[in-house]
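Content type compact mmCIF, C-alpha atoms, from the file upload.txt:
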# COMPACT_ATOMS: atom_id res chain seq x y z
CA MET A 1 -44.05 -36.55 -7.14
CA ALA A 2 -46.41 -34.44 -5.14
CA THR A 3 -50.16 -34.82 -5.48
CA SER A 4 -52.03 -32.17 -7.42
CA ALA A 5 -53.39 -30.64 -4.22
CA GLU A 6 -49.85 -29.92 -3.02
CA LEU A 7 -48.66 -28.42 -6.25
CA PRO A 8 -48.05 -24.69 -6.32
CA ASP A 9 -49.91 -22.87 -9.06
CA LEU A 10 -48.30 -21.70 -12.26
CA ARG A 11 -44.83 -23.03 -11.62
CA THR A 12 -42.29 -21.70 -14.02
CA GLU A 13 -39.46 -24.05 -13.27
CA TYR A 14 -38.78 -27.58 -14.34
CA PRO A 15 -39.65 -30.19 -11.75
CA SER A 16 -36.51 -31.27 -9.99
CA ARG A 17 -37.34 -32.58 -6.56
CA PRO A 18 -39.85 -31.79 -3.83
CA PRO A 19 -38.90 -28.68 -1.84
CA GLU A 20 -38.83 -30.64 1.42
CA GLN A 21 -35.52 -32.18 0.33
CA PRO A 22 -33.04 -29.33 0.65
CA THR A 23 -30.09 -29.46 -1.74
CA THR A 24 -26.62 -28.80 -0.48
CA PHE A 25 -23.69 -28.01 -2.72
CA LEU A 26 -21.90 -31.19 -1.62
CA SER A 27 -24.90 -33.38 -2.49
CA LEU A 28 -24.68 -32.12 -6.09
CA LEU A 29 -21.05 -33.10 -6.62
CA PRO A 30 -21.37 -36.89 -7.24
CA GLY A 31 -24.05 -36.39 -9.89
CA ILE A 32 -22.17 -33.53 -11.58
CA ALA A 33 -19.04 -35.70 -11.62
CA LEU A 34 -21.08 -38.50 -13.23
CA LEU A 35 -22.40 -36.06 -15.87
CA ALA A 36 -18.80 -35.00 -16.60
CA ILE A 37 -17.53 -38.61 -16.81
CA VAL A 38 -20.38 -39.79 -19.09
CA GLY A 39 -20.14 -36.66 -21.27
CA TYR A 40 -16.36 -36.88 -21.55
CA ALA A 41 -16.58 -40.60 -22.35
CA GLY A 42 -18.80 -39.63 -25.31
CA LYS A 43 -16.26 -37.05 -26.46
CA PHE A 44 -13.40 -39.53 -26.01
CA VAL A 45 -15.17 -42.25 -28.05
CA GLU A 46 -15.89 -39.80 -30.89
CA HIS A 47 -12.24 -38.72 -30.97
CA PHE A 48 -10.93 -42.29 -30.64
CA LEU A 49 -13.14 -43.65 -33.43
CA ASN A 50 -12.22 -40.78 -35.76
CA THR A 51 -8.50 -41.22 -35.13
CA TYR A 52 -8.60 -45.01 -35.32
CA THR A 53 -10.69 -45.23 -38.51
CA LYS A 54 -8.56 -42.56 -40.23
CA ALA A 55 -5.30 -44.28 -39.23
CA HIS A 56 -6.56 -47.63 -40.54
CA HIS A 57 -8.25 -46.17 -43.64
CA ILE A 58 -11.66 -47.47 -42.55
CA THR A 59 -14.73 -45.67 -43.88
CA PHE A 60 -16.86 -44.92 -40.84
CA PRO A 61 -19.44 -42.15 -40.37
CA ASN A 62 -18.56 -39.48 -37.84
CA ILE A 63 -20.85 -40.08 -34.88
CA GLU A 64 -20.96 -36.94 -32.75
CA TYR A 65 -20.09 -37.13 -29.05
CA VAL A 66 -23.68 -36.06 -28.35
CA LEU A 67 -25.06 -39.44 -29.37
CA TRP A 68 -22.40 -41.37 -27.42
CA ALA A 69 -23.02 -39.30 -24.28
CA ILE A 70 -26.78 -39.87 -24.51
CA LEU A 71 -26.36 -43.59 -25.23
CA PHE A 72 -23.90 -44.12 -22.36
CA GLY A 73 -26.20 -42.21 -20.00
CA ALA A 74 -29.29 -44.18 -21.09
CA LEU A 75 -27.36 -47.44 -20.79
CA ILE A 76 -26.38 -46.68 -17.19
CA ALA A 77 -29.87 -45.48 -16.22
CA ASN A 78 -31.61 -48.52 -17.72
CA THR A 79 -29.22 -51.28 -16.68
CA ILE A 80 -27.48 -50.73 -13.35
CA GLY A 81 -29.75 -47.77 -12.60
CA LEU A 82 -28.91 -44.44 -11.07
CA ALA A 83 -27.95 -44.63 -7.38
CA ARG A 84 -29.70 -42.09 -5.19
CA ILE A 85 -26.44 -40.30 -4.38
CA PHE A 86 -26.20 -39.16 -8.02
CA SER A 87 -29.79 -37.92 -8.41
CA PRO A 88 -29.43 -34.30 -7.15
CA GLY A 89 -26.36 -33.68 -9.31
CA VAL A 90 -27.82 -35.32 -12.42
CA ALA A 91 -30.92 -33.11 -12.03
CA THR A 92 -28.64 -30.09 -12.60
CA TYR A 93 -28.49 -30.91 -16.31
CA GLU A 94 -31.23 -28.28 -16.86
CA PHE A 95 -29.01 -25.75 -15.13
CA TRP A 96 -26.07 -26.62 -17.42
CA LEU A 97 -28.38 -26.37 -20.40
CA LYS A 98 -29.35 -22.83 -19.46
CA ALA A 99 -25.76 -21.84 -18.66
CA GLY A 100 -24.72 -23.31 -22.02
CA ILE A 101 -27.38 -21.29 -23.85
CA ILE A 102 -26.39 -18.06 -22.08
CA LEU A 103 -22.71 -18.61 -22.98
CA LEU A 104 -23.73 -19.51 -26.54
CA GLY A 105 -24.67 -15.83 -26.85
CA ALA A 106 -20.93 -15.30 -27.48
CA ARG A 107 -21.32 -17.09 -30.83
CA PHE A 108 -24.05 -14.74 -32.09
CA ILE A 109 -24.01 -11.08 -32.88
CA LEU A 110 -27.26 -9.25 -32.25
CA GLY A 111 -27.87 -8.72 -35.98
CA ASP A 112 -27.93 -12.49 -36.52
CA ILE A 113 -30.28 -12.94 -33.58
CA LEU A 114 -32.63 -10.28 -34.95
CA LYS A 115 -32.62 -11.77 -38.45
CA LEU A 116 -32.84 -15.45 -37.56
CA GLY A 117 -34.85 -14.78 -34.41
CA GLY A 118 -37.33 -12.73 -36.46
CA ILE A 119 -37.74 -15.50 -39.03
CA SER A 120 -37.97 -18.06 -36.20
CA LEU A 121 -40.65 -16.04 -34.43
CA ILE A 122 -42.80 -15.80 -37.57
CA LEU A 123 -42.43 -19.54 -38.15
CA VAL A 124 -43.08 -20.25 -34.45
CA PHE A 125 -46.37 -18.29 -34.60
CA ILE A 126 -47.56 -20.17 -37.69
CA ALA A 127 -46.41 -23.57 -36.39
CA LEU A 128 -47.91 -22.86 -32.97
CA ALA A 129 -51.35 -22.01 -34.34
CA LEU A 130 -51.40 -25.02 -36.66
CA SER A 131 -50.05 -27.50 -34.15
CA ILE A 132 -52.30 -26.47 -31.25
CA THR A 133 -55.34 -26.69 -33.54
CA PHE A 134 -54.28 -30.09 -34.87
CA MET A 135 -53.38 -31.54 -31.45
CA THR A 136 -56.68 -30.37 -29.95
CA TRP A 137 -58.59 -32.01 -32.81
CA LEU A 138 -56.53 -35.19 -32.49
CA GLY A 139 -57.09 -35.40 -28.72
CA ARG A 140 -60.85 -35.12 -29.27
CA ALA A 141 -60.78 -37.70 -32.07
CA PHE A 142 -59.01 -40.16 -29.72
CA ASN A 143 -61.37 -39.31 -26.87
CA LEU A 144 -58.65 -38.09 -24.48
CA ASN A 145 -59.84 -35.91 -21.61
CA PRO A 146 -59.69 -32.15 -22.41
CA LYS A 147 -56.98 -31.38 -19.82
CA LEU A 148 -54.64 -34.11 -21.07
CA THR A 149 -55.32 -32.94 -24.63
CA THR A 150 -54.43 -29.37 -23.65
CA LEU A 151 -51.21 -30.53 -21.95
CA LEU A 152 -50.19 -32.61 -24.97
CA ALA A 153 -50.99 -29.75 -27.34
CA VAL A 154 -48.94 -27.27 -25.32
CA GLY A 155 -46.09 -29.73 -24.75
CA SER A 156 -45.73 -30.61 -28.40
CA SER A 157 -46.23 -27.13 -29.81
CA VAL A 158 -44.50 -24.82 -27.35
CA CYS A 159 -41.68 -26.23 -25.35
CA GLY A 160 -42.10 -29.62 -23.84
CA VAL A 161 -41.91 -30.30 -20.15
CA SER A 162 -41.64 -26.73 -18.88
CA ALA A 163 -44.74 -25.73 -20.89
CA ILE A 164 -46.67 -28.71 -19.54
CA ILE A 165 -45.72 -27.86 -15.95
CA ALA A 166 -46.64 -24.20 -16.43
CA THR A 167 -49.98 -25.07 -18.03
CA GLN A 168 -50.77 -27.76 -15.47
CA GLY A 169 -51.01 -25.11 -12.77
CA ALA A 170 -52.98 -22.76 -14.97
CA ILE A 171 -55.69 -25.25 -15.95
CA ASP A 172 -55.59 -27.18 -12.66
CA ALA A 173 -54.89 -30.50 -14.39
CA ASP A 174 -54.26 -33.77 -12.53
CA GLU A 175 -50.74 -34.88 -11.69
CA GLU A 176 -51.47 -38.08 -13.62
CA ASP A 177 -52.41 -36.20 -16.82
CA SER A 178 -49.29 -34.10 -16.46
CA SER A 179 -47.05 -37.16 -15.93
CA THR A 180 -48.62 -38.90 -18.94
CA ALA A 181 -48.12 -35.86 -21.16
CA ILE A 182 -44.51 -35.42 -19.93
CA ALA A 183 -43.73 -39.13 -20.52
CA ALA A 184 -45.21 -38.95 -24.05
CA ILE A 185 -43.24 -35.79 -24.87
CA LEU A 186 -39.99 -37.26 -23.49
CA ALA A 187 -40.47 -40.54 -25.40
CA LEU A 188 -41.07 -38.67 -28.62
CA GLY A 189 -38.11 -36.39 -27.92
CA ALA A 190 -35.87 -39.46 -27.62
CA ILE A 191 -37.15 -40.77 -30.96
CA SER A 192 -36.65 -37.41 -32.67
CA LEU A 193 -32.99 -37.42 -31.59
CA PHE A 194 -32.43 -40.28 -34.02
CA ALA A 195 -34.99 -39.41 -36.68
CA PHE A 196 -34.22 -35.70 -37.22
CA PRO A 197 -30.52 -35.93 -38.17
CA LEU A 198 -31.32 -38.81 -40.56
CA ILE A 199 -34.07 -36.83 -42.28
CA GLY A 200 -31.91 -33.68 -42.36
CA ARG A 201 -29.06 -35.57 -44.04
CA ALA A 202 -31.42 -37.31 -46.48
CA LEU A 203 -32.79 -33.91 -47.54
CA HIS A 204 -29.27 -32.36 -47.73
CA MET A 205 -30.41 -29.50 -45.50
CA SER A 206 -28.05 -26.63 -44.68
CA ASP A 207 -26.87 -26.12 -41.08
CA HIS A 208 -29.10 -23.02 -40.81
CA ALA A 209 -32.23 -24.70 -42.16
CA TYR A 210 -31.75 -27.93 -40.20
CA GLY A 211 -30.99 -26.08 -36.96
CA LEU A 212 -34.08 -23.94 -37.41
CA TRP A 213 -36.20 -27.04 -38.05
CA ALA A 214 -34.85 -28.91 -34.99
CA GLY A 215 -35.42 -25.82 -32.83
CA LEU A 216 -38.98 -25.42 -34.08
CA ALA A 217 -40.07 -29.04 -34.04
CA VAL A 218 -38.28 -30.86 -31.19
CA ASP A 219 -40.12 -30.25 -27.94
CA ASN A 220 -37.72 -30.15 -25.03
CA THR A 221 -34.90 -27.63 -25.08
CA ALA A 222 -32.28 -30.25 -24.15
CA GLU A 223 -33.45 -32.62 -26.91
CA ALA A 224 -33.70 -29.78 -29.46
CA THR A 225 -30.13 -28.73 -28.63
CA ALA A 226 -28.94 -32.34 -28.90
CA ALA A 227 -30.84 -32.96 -32.17
CA GLY A 228 -29.17 -29.85 -33.62
CA ALA A 229 -25.69 -30.76 -32.35
CA LEU A 230 -26.07 -34.29 -33.74
CA PHE A 231 -26.25 -32.76 -37.23
CA SER A 232 -23.37 -30.31 -36.78
CA ASP A 233 -21.94 -27.80 -34.31
CA ALA A 234 -23.36 -24.89 -36.33
CA ALA A 235 -26.78 -26.54 -36.61
CA GLY A 236 -26.80 -26.96 -32.80
CA LYS A 237 -26.25 -23.22 -32.46
CA PHE A 238 -29.21 -22.37 -34.70
CA ALA A 239 -31.42 -25.00 -33.08
CA VAL A 240 -30.82 -23.30 -29.71
CA LEU A 241 -31.70 -19.88 -31.15
CA ALA A 242 -34.96 -21.11 -32.70
CA LYS A 243 -35.85 -23.06 -29.54
CA THR A 244 -35.14 -20.02 -27.37
CA CYS A 245 -37.58 -17.96 -29.47
CA ARG A 246 -40.15 -20.69 -28.95
CA ASN A 247 -39.48 -20.76 -25.20
CA ALA A 248 -39.91 -17.01 -24.98
CA LEU A 249 -43.51 -17.41 -26.16
CA ILE A 250 -44.46 -19.87 -23.42
CA GLY A 251 -46.07 -17.13 -21.31
CA PHE A 252 -48.46 -16.07 -24.07
CA VAL A 253 -49.68 -19.62 -24.70
CA VAL A 254 -50.15 -20.40 -21.01
CA LEU A 255 -51.93 -17.05 -20.55
CA ALA A 256 -54.30 -17.84 -23.43
CA TYR A 257 -55.16 -21.24 -21.95
CA ALA A 258 -55.53 -19.82 -18.44
CA ILE A 259 -57.96 -17.18 -19.75
CA GLN A 260 -59.90 -19.80 -21.69
CA TRP A 261 -60.21 -22.12 -18.67
CA ALA A 262 -61.03 -19.24 -16.34
CA ARG A 263 -63.87 -18.17 -18.66
CA LYS A 264 -65.27 -21.68 -18.43
CA GLY A 265 -65.01 -21.35 -14.63
CA LEU A 266 -62.54 -24.25 -14.48
CA ALA A 267 -59.38 -22.41 -13.36
CA ASN A 268 -58.52 -22.40 -9.66
CA LYS A 269 -58.71 -19.29 -7.46
CA ALA A 270 -54.96 -18.60 -7.51
CA THR A 271 -54.87 -18.63 -11.32
CA THR A 272 -57.96 -16.43 -11.61
CA ALA A 273 -56.35 -13.93 -9.20
CA GLN A 274 -53.08 -13.91 -11.14
CA LEU A 275 -54.93 -13.21 -14.39
CA GLU A 276 -55.81 -9.75 -13.06
CA ASN A 277 -52.25 -8.59 -13.80
CA LYS A 278 -51.43 -10.05 -17.20
CA ALA A 279 -48.07 -8.30 -17.54
CA ALA A 280 -46.89 -9.84 -14.25
CA PHE A 281 -48.24 -13.20 -15.42
CA LEU A 282 -46.23 -12.98 -18.65
CA TRP A 283 -43.07 -11.88 -16.82
CA LYS A 284 -43.41 -14.79 -14.39
CA LYS A 285 -43.57 -17.22 -17.31
CA PHE A 286 -40.78 -15.58 -19.31
CA PRO A 287 -37.60 -17.70 -19.31
CA LYS A 288 -35.17 -15.26 -17.68
CA PHE A 289 -32.04 -17.01 -18.93
CA VAL A 290 -32.86 -15.56 -22.38
CA LEU A 291 -31.84 -12.16 -20.95
CA GLY A 292 -28.41 -13.57 -20.05
CA PHE A 293 -28.06 -14.93 -23.61
CA LEU A 294 -28.93 -11.52 -25.08
CA PHE A 295 -26.50 -9.74 -22.71
CA ILE A 296 -23.54 -11.97 -23.67
CA SER A 297 -24.49 -11.54 -27.33
CA LEU A 298 -24.56 -7.75 -26.84
CA LEU A 299 -21.00 -7.85 -25.48
CA ALA A 300 -19.95 -10.04 -28.43
CA THR A 301 -21.52 -7.51 -30.82
CA LEU A 302 -19.76 -4.56 -29.12
CA GLY A 303 -16.44 -6.40 -29.37
CA SER A 304 -16.85 -6.78 -33.13
CA SER A 305 -17.32 -3.01 -33.61
CA THR A 306 -14.84 -1.13 -35.82
CA ASN A 307 -14.86 1.73 -33.29
CA PRO A 308 -12.03 0.90 -30.80
CA THR A 309 -13.78 2.62 -27.87
CA ILE A 310 -16.95 0.57 -28.37
CA ALA A 311 -14.97 -2.59 -29.13
CA ALA A 312 -13.10 -2.20 -25.81
CA LEU A 313 -16.43 -2.68 -23.99
CA GLY A 314 -17.02 -6.09 -25.53
CA PHE A 315 -15.19 -9.39 -25.87
CA THR A 316 -12.13 -9.97 -28.05
CA LYS A 317 -12.05 -12.87 -30.51
CA PRO A 318 -9.99 -15.21 -28.25
CA GLN A 319 -12.38 -14.41 -25.40
CA LEU A 320 -15.36 -15.30 -27.62
CA VAL A 321 -13.67 -18.59 -28.52
CA ALA A 322 -13.14 -19.35 -24.81
CA LEU A 323 -16.80 -18.53 -24.03
CA GLY A 324 -18.01 -20.65 -26.97
CA ASN A 325 -15.95 -23.55 -25.66
CA LEU A 326 -17.35 -23.09 -22.15
CA SER A 327 -20.81 -23.28 -23.69
CA ARG A 328 -19.88 -26.59 -25.37
CA TRP A 329 -18.64 -28.01 -22.04
CA ALA A 330 -21.92 -27.02 -20.39
CA PHE A 331 -23.87 -28.74 -23.19
CA LEU A 332 -21.69 -31.83 -22.74
CA LEU A 333 -23.01 -32.16 -19.18
CA THR A 334 -26.56 -31.55 -20.45
CA PHE A 335 -26.40 -34.32 -23.06
CA ALA A 336 -25.09 -36.77 -20.46
CA GLY A 337 -28.06 -35.75 -18.28
CA VAL A 338 -30.51 -36.34 -21.14
CA GLY A 339 -29.28 -39.94 -21.34
CA LEU A 340 -29.16 -40.48 -17.59
CA ARG A 341 -32.74 -39.34 -17.03
CA THR A 342 -34.11 -41.48 -19.92
CA ASN A 343 -36.08 -44.21 -18.22
CA LEU A 344 -37.39 -46.61 -20.84
CA LYS A 345 -39.78 -48.30 -18.38
CA ASP A 346 -41.47 -44.98 -17.58
CA LEU A 347 -41.70 -44.15 -21.26
CA PHE A 348 -43.67 -47.29 -22.09
CA LYS A 349 -45.93 -47.60 -19.05
CA GLN A 350 -48.08 -44.57 -19.92
CA GLY A 351 -50.57 -46.38 -22.14
CA ALA A 352 -50.89 -46.37 -25.89
CA ARG A 353 -53.46 -43.66 -26.60
CA PRO A 354 -51.62 -40.56 -25.29
CA PHE A 355 -48.46 -41.86 -26.96
CA ILE A 356 -50.25 -42.38 -30.30
CA VAL A 357 -51.85 -38.92 -30.09
CA GLY A 358 -48.47 -37.41 -29.22
CA ALA A 359 -46.67 -39.37 -31.95
CA LEU A 360 -49.21 -38.51 -34.66
CA GLY A 361 -49.12 -34.88 -33.54
CA GLU A 362 -45.33 -34.80 -33.55
CA ILE A 363 -45.12 -36.29 -37.04
CA VAL A 364 -47.58 -33.72 -38.40
CA ILE A 365 -45.84 -30.86 -36.52
CA ALA A 366 -42.44 -32.03 -37.81
CA ALA A 367 -43.84 -32.10 -41.36
CA ILE A 368 -45.48 -28.65 -41.00
CA THR A 369 -42.32 -27.06 -39.57
CA LEU A 370 -40.16 -28.78 -42.19
CA ALA A 371 -42.35 -27.31 -44.95
CA LEU A 372 -42.20 -23.87 -43.26
CA VAL A 373 -38.40 -24.01 -42.89
CA LEU A 374 -37.84 -25.20 -46.46
CA GLY A 375 -40.16 -22.38 -47.64
CA ALA A 376 -38.28 -19.80 -45.54
CA ASP A 377 -34.96 -21.23 -46.77
CA HIS A 378 -36.16 -20.74 -50.34
CA ILE A 379 -37.27 -17.13 -49.71
CA TYR A 380 -34.61 -15.86 -47.27
CA ARG A 381 -31.69 -18.12 -48.26
CA LEU A 382 -31.03 -19.24 -44.68
CA MET B 1 -30.66 -25.42 -7.68
CA ALA B 2 -31.83 -23.75 -4.52
CA SER B 3 -29.73 -23.80 -1.39
CA ASN B 4 -31.10 -23.53 2.15
CA ARG B 5 -30.28 -19.87 2.51
CA LEU B 6 -30.46 -18.64 -1.07
CA ARG B 7 -33.59 -19.73 -2.88
CA LEU B 8 -32.77 -18.61 -6.38
CA SER B 9 -34.31 -20.06 -9.52
CA THR B 10 -32.34 -22.23 -11.95
CA ASP B 11 -32.39 -19.33 -14.42
CA THR B 12 -30.84 -16.96 -11.88
CA TRP B 13 -28.13 -19.45 -10.95
CA ALA B 14 -27.39 -20.05 -14.63
CA ILE B 15 -27.13 -16.30 -15.30
CA LEU B 16 -24.90 -15.77 -12.23
CA LEU B 17 -22.50 -18.58 -13.15
CA SER B 18 -22.33 -17.65 -16.84
CA LEU B 19 -21.74 -13.96 -16.20
CA THR B 20 -19.11 -14.74 -13.56
CA LEU B 21 -17.27 -17.00 -16.00
CA ALA B 22 -17.62 -14.37 -18.74
CA LEU B 23 -16.16 -11.76 -16.37
CA ILE B 24 -13.23 -14.04 -15.47
CA ILE B 25 -12.49 -14.52 -19.17
CA ARG B 26 -13.03 -10.79 -19.88
CA ILE B 27 -10.46 -9.70 -17.27
CA GLY B 28 -8.02 -12.26 -18.60
CA LEU B 29 -7.83 -14.76 -15.72
CA ILE B 30 -8.55 -17.50 -18.27
CA LYS B 31 -7.08 -16.82 -21.69
CA THR B 32 -8.19 -19.80 -23.74
CA LEU B 33 -10.25 -22.84 -23.09
CA ALA B 34 -9.71 -25.89 -25.23
CA TRP B 35 -12.62 -27.96 -26.49

Encoded form using structure tokens:
Amino acid sequence: MATSAELPDLRTEYPSRPPEQPTTFLSLLPGIALLAIVGYAGKFVEHFLNTYTKAHHITFPNIEYVLWAILFGALIANTIGLARIFSPGVATYEFWLKAGIILLGARFILGDILKLGGISLILVFIALALSITFMTWLGRAFNLNPKLTTLLAVGSSVCGVSAIIATQGAIDADEEDSSTAIAAILALGAISLFAFPLIGRALHMSDHAYGLWAGLAVDNTAEATAAGALFSDAAGKFAVLAKTCRNALIGFVVLAYAIQWARKGLANKATTAQLENKAAFLWKKFPKFVLGFLFISLLATLGSSTNPTIAALGFTKPQLVALGNLSRWAFLLTFAGVGLRTNLKDLFKQGARPFIVGALGEIVIAAITLALVLGADHIYRL
Amino acid sequence: MASNRLRLSTDTWAILLSLTLALIIRIGLIKTLAW
């Protein structure tokens, strides 16, 4: 990790590796192959267990490949460890996540996106306001420093690691605060992977409602996608949509914090200069892969038109199935990556207070978003 | 995901790959893809 003095301001990308280590295509291959092997092992075990238990009339719950892939990945990372040769390729799991989301556009028509996206956006605004207020209060109550509190609030209310990294530059926070906040968010994300599907099943939630809840409450996009897919394939789809809406708002939240810190005279020169053009600031923070998702969805919508001329511009049904399957393969690599980058030692060495603040915040945010989703489900029949 | 010559963001690479795959499927080079 670079020191804070070396960090560029207002980074929009996830941290992968320092720029002084150039990545070649060949160096990515071992890690990508490992992602594929771990992911496919998860899929194989799910299929094998289902076939075996059915053939022998054994009652056994269907455990999705997602959980197996994450468990196998975490097992490798925390026992034999990840050899350096695999690191560049394993770091591409964020890339596969984004590619998977873009291709998932094939499974939505624009009308669905507008309806569910609209509901998600309203819920995101409410949840965002409540959770930032609560996390800020909690940070003060536990006497955490204001910058760490801000990073935890943004990480748990907007979108995890990418929001923390973006805000770190804007408020000029220390690398240590940022690492602590990231570790807390990742630890809580790992816990939510197990807790959310259990709660969703206990409450007999529908795929729509559960997916929306996972997308609104789980912090990191990869974990939110996995938490959704652990419930069902359809829930995974809706979790991604809700999470994408949340991601799209990252720029506004970072901008608000940057303005607040600049007013206090605490923002650095680069941030203050960038605040002069707020539209450019927002565009820089906007997750561009969302545009790819919308474009694929547009072509899916055109293909479903009853007008043959318009339908010819879009995808046919078999093509949509093929694209949906490609999206699932990309997510398979992502879930393997989630497991492989889970380092239990790192998760527990951060100290108790930030973790407790994060955990309390997450529980309250999960409860708030659950209430919001159940309310919306009641009104809109999700 | 930046190479030495082409310094594109992860988002750009993801869009490029996805749209390329979508185009390949659209023109019929890949008909179906099993999951």

Please check the contacts: residues of chain A at most 7 Å away from chain B, using only C-alpha atoms, listed as a PyMOL selection string. chain A and resi 22-24+95+98-99+102-103+288-289+292+315+318-319+322-323+325

Excluding stretch 327-340 of chain A and residues on its chain fewer than 5 positions from it, collect all residues at most 6 Å away from it, counting only C-alpha atoms, and give them as a VMD selection string. chain A and resid 35 to 36 38 to 39 69 to 70 73 to 74 77 90 93 96 to 97 100 103 to 104

At what distance in Å, to one decimal, does atom CA of A:Gly251 lie from atom CA of A:Thr271?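 The value is 13.4 Å.
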
Between atom CA of A:Gln168 and atom CA of A:Ala184, what is the distance, to one decimal in Å? 15.2 Å

What's the separation between atom CA of A:Leu193 and atom CA of A:Leu123, in Å to one decimal place?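 That distance, rounded to one decimal, is 21.3 Å.
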
Would you mind listing what lies within 6 Å of stretch 27-30 of chain A as a ChimeraX atom specification, with only C-alpha atoms counted and same-chain residues fewer than 2 positions away left out? /A:24-25,32-33,86,88-89
